[in-house]
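Chemist: This is the structure I have questions about; it appears just below.
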Amino acid sequence: METGTITLDGLSGGLDLYRTLESGQSYCWRRSDGEMYGGSPAPDAWYHTVVRGPETDSDAVIRVRVRDGHLKWESTVDAEPLVRRLLRLDDDLESIVAAAPDDPLLDEAYAAHRGMRLVEDPSFACLISFICSAQMRVGRIHGMVSTLAREYGDPIEFDGDVYHAFPTPPQLAAATEAELRDLGLGYRAPYVVRTAKMVADGEAHPEEARDLEYEQAREYLTRFVGVGDKVADCVLLFSLGFDEAVPLDTWLKSAIEEYYPDCDRGTYTATSRAIRDRLGGEYAGYAQTYIFHHLRTGE
């Protein structure tokens with residue numbers, strides 16, 4: 001087992017691990033007490049995920065928790081680079097907040113949820129997660145994604161427990177629509193299977209959007225079955241590094257109606273441009289995430 005610690009005092013803006021991982025950005029992490037997205041933090045619980053990245057050529061189990069001003073990690077590999085990337089620990093959060101426009105709702109959200117960071121999830125898992133998100137509460141989405149990992153992903157033993165990687169595109173493409181419906185995916189089942197087949201067959205891959213201009217990248221992602229503009233924006237923001245992306249979900253539409261009515265331009269593209277400018281442009285996605293969490297939780 002590899003282990004390490006990262007001092008929170010050394011992170012610009014700190015880290016609120018609970019809000020970062022349970023704010024509706026990510027469905028790729030699990031909590032050791034089984035109560036993730038249950039509505040309350042668990043200071044003693046570990047969060048874990050299984051990920052493959054440029055830092056490792058095999059699936060790695062990663063566990064993290066915060067104790068005594070430190071982020072502690074345990075892993076099958078030397079995981080500090082992975083942890084820093086997945087939790088975006090090198091973001092200058094203080095500068096991002098300081099550069100935000102003077103806005104009462106945004107000021108309130110930033111003050112209430114200090115230390116919440118954006119995540120960088122693996123792009124295929126993120127894509128499937130948000131295809132599953134349509135008309136679903138965050139806890140239910142998390143349950144769906146966890147089930148897909150358990151049923152189709154590779155098992156990995158670590159420290160006496162068995163963890164499951166998110167299925168690869170070929171593994172998920174081999175599932176049938178009937179199987180996924182039986183697992184609770186409902187009408188999303190054919191979207192998941194057909195999108196997985198697109199990636200498995202080399203027809204398209206979400207990573208190909210990374211080097212495009214923002215609106216071109218969003219358009220590229222909508223080629224996947226079950227992906228509209230909002231889901232595409234979620235994938236861009238939470239896995240591909242497009243910090244300017246502002247997913248226009250139900251909560252943001254409500255915020256626009258109540259706080260920013262002049263940003264409603266009648267179409268997704270035009271409204272997206274307007275609210276993106278209002279929320280600061282380059283880091284508008286950070287602002288969106290804070291507003292989403294603030295309005296959803298009422299904290």
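As shown in the structure tokens, the chain order sets the letters A, B, ...; within each chain, residues go from 1, and ligands are also counted from 1 in the order they appear.
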Got a sec to tell me which of region 20-134 of chain A DSSP assigns to strand (DSSP E), as a list in words?
Modeler: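 Written out, the strand (DSSP E) residues of region 20-134 of chain A are Arg30, Arg31, Tyr47, His48, Thr49, Val50, Val51, Arg52, Gly53, Thr56, Asp57, Ser58, Asp59, Ala60, Val61, Ile62, Arg63, Val64, Arg65, Val66, Arg67, His70, Leu71, Lys72, Trp73, Glu74 and Ser75 of chain A.
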Chemist: Run DSSP on the backbone and grab whatever in region 10-223 of chain A lands in helix (DSSP H, G or I); send it over as a PyMOL selection string.
Modeler: chain A and resi 10+17-21+80-86+93-98+104-112+123-131+138-152+169-173+177-182+186-200+206-209+214-221
Chemist: Distance CA of Arg137 (chain A)-CA of Arg31 (chain A), one decimal place?
Modeler: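 Computed distance, CA of Arg137 (chain A) to CA of Arg31 (chain A), equals 17.6 Å.
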Chemist: Using only C-alpha atoms, can you tell me which of A:Thr297, A:Phe242, A:Val162, A:Gly24 comes closest to Ser40 (chain A)?
Modeler: A:Thr297
Chemist: Would you pick out the contacts of Gly280 (chain A) at 7 Å or less, using only C-alpha atoms, so that residues sharing its chain but fewer than 4 positions from it are not included, and give the list as a PyMOL selection string?
Modeler: chain A and resi 100-101+276+284
Chemist: A:Val227, A:Leu127, A:Leu236, A:Ile275: which is nearest Leu248 (chain A), counting only C-alpha atoms?
Modeler: A:Ile275
Chemist: What lies within 10 Å of Tyr268 (chain A) using only C-alpha atoms, ignoring chain neighbours under 2 positions off, as a list in words?
Modeler: Asp229, Lys230, Pro247, Leu248, Asp264, Arg265, Gly266, Ala270, Thr271, Ser272, Arg273 and Ala274 of chain A
Chemist: Filtering to C-alpha atoms, could you give me those residues as a CSV table (one decimal), in the first residue's frame?
Modeler:
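Result went into out-v5.csv, see below:
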chain,number,residue,atom,x,y,z
A,229,ASP,CA,-26.3,20.8,-24.6
A,230,LYS,CA,-26.7,20.6,-20.8
A,247,PRO,CA,-24.7,23.8,-17.5
A,248,LEU,CA,-28.2,25.2,-17.7
A,264,ASP,CA,-32.7,34.6,-20.6
A,265,ARG,CA,-32.2,34.9,-24.4
A,266,GLY,CA,-34.7,32.2,-25.4
A,270,ALA,CA,-27.6,32.5,-26.4
A,271,THR,CA,-28.6,32.2,-22.7
A,272,SER,CA,-25.4,30.2,-22.1
A,273,ARG,CA,-23.3,33.0,-23.5
A,274,ALA,CA,-25.2,35.7,-21.5
Chemist: So how many Å separate CA of Ser254 (chain A) and CA of Tyr286 (chain A), to one decimal?
Modeler: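 Value for the CA of Ser254 (chain A)-CA of Tyr286 (chain A) distance: 17.6 Å.
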Chemist: Need the shell around Cys234 (chain A): protein/DNA/RNA residues with any atom at most 8 Å away, counting only C-alpha atoms. Skip same-chain ones fewer than 4 positions apart. Format as a list in words?
Modeler: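 Selected residues are Gln25, Phe130, Lys230, Phe238, Ala245, Val246 and Pro247 of chain A.
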Chemist: Choose the residue, out of A:Glu2, A:Asp44, A:Asp59, A:Glu120, that has the smallest atom-to-atom separation from Glu157 (chain A); count only C-alpha atoms.
Modeler: A:Asp59
Chemist: Between A:Pro206, A:Gly143, A:Gly228, A:Pro261, which residue has the minimum interatomic distance to Asp249 (chain A), considering only C-alpha atoms?
Modeler: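 Result for the nearest residue to Asp249 (chain A): A:Gly228.
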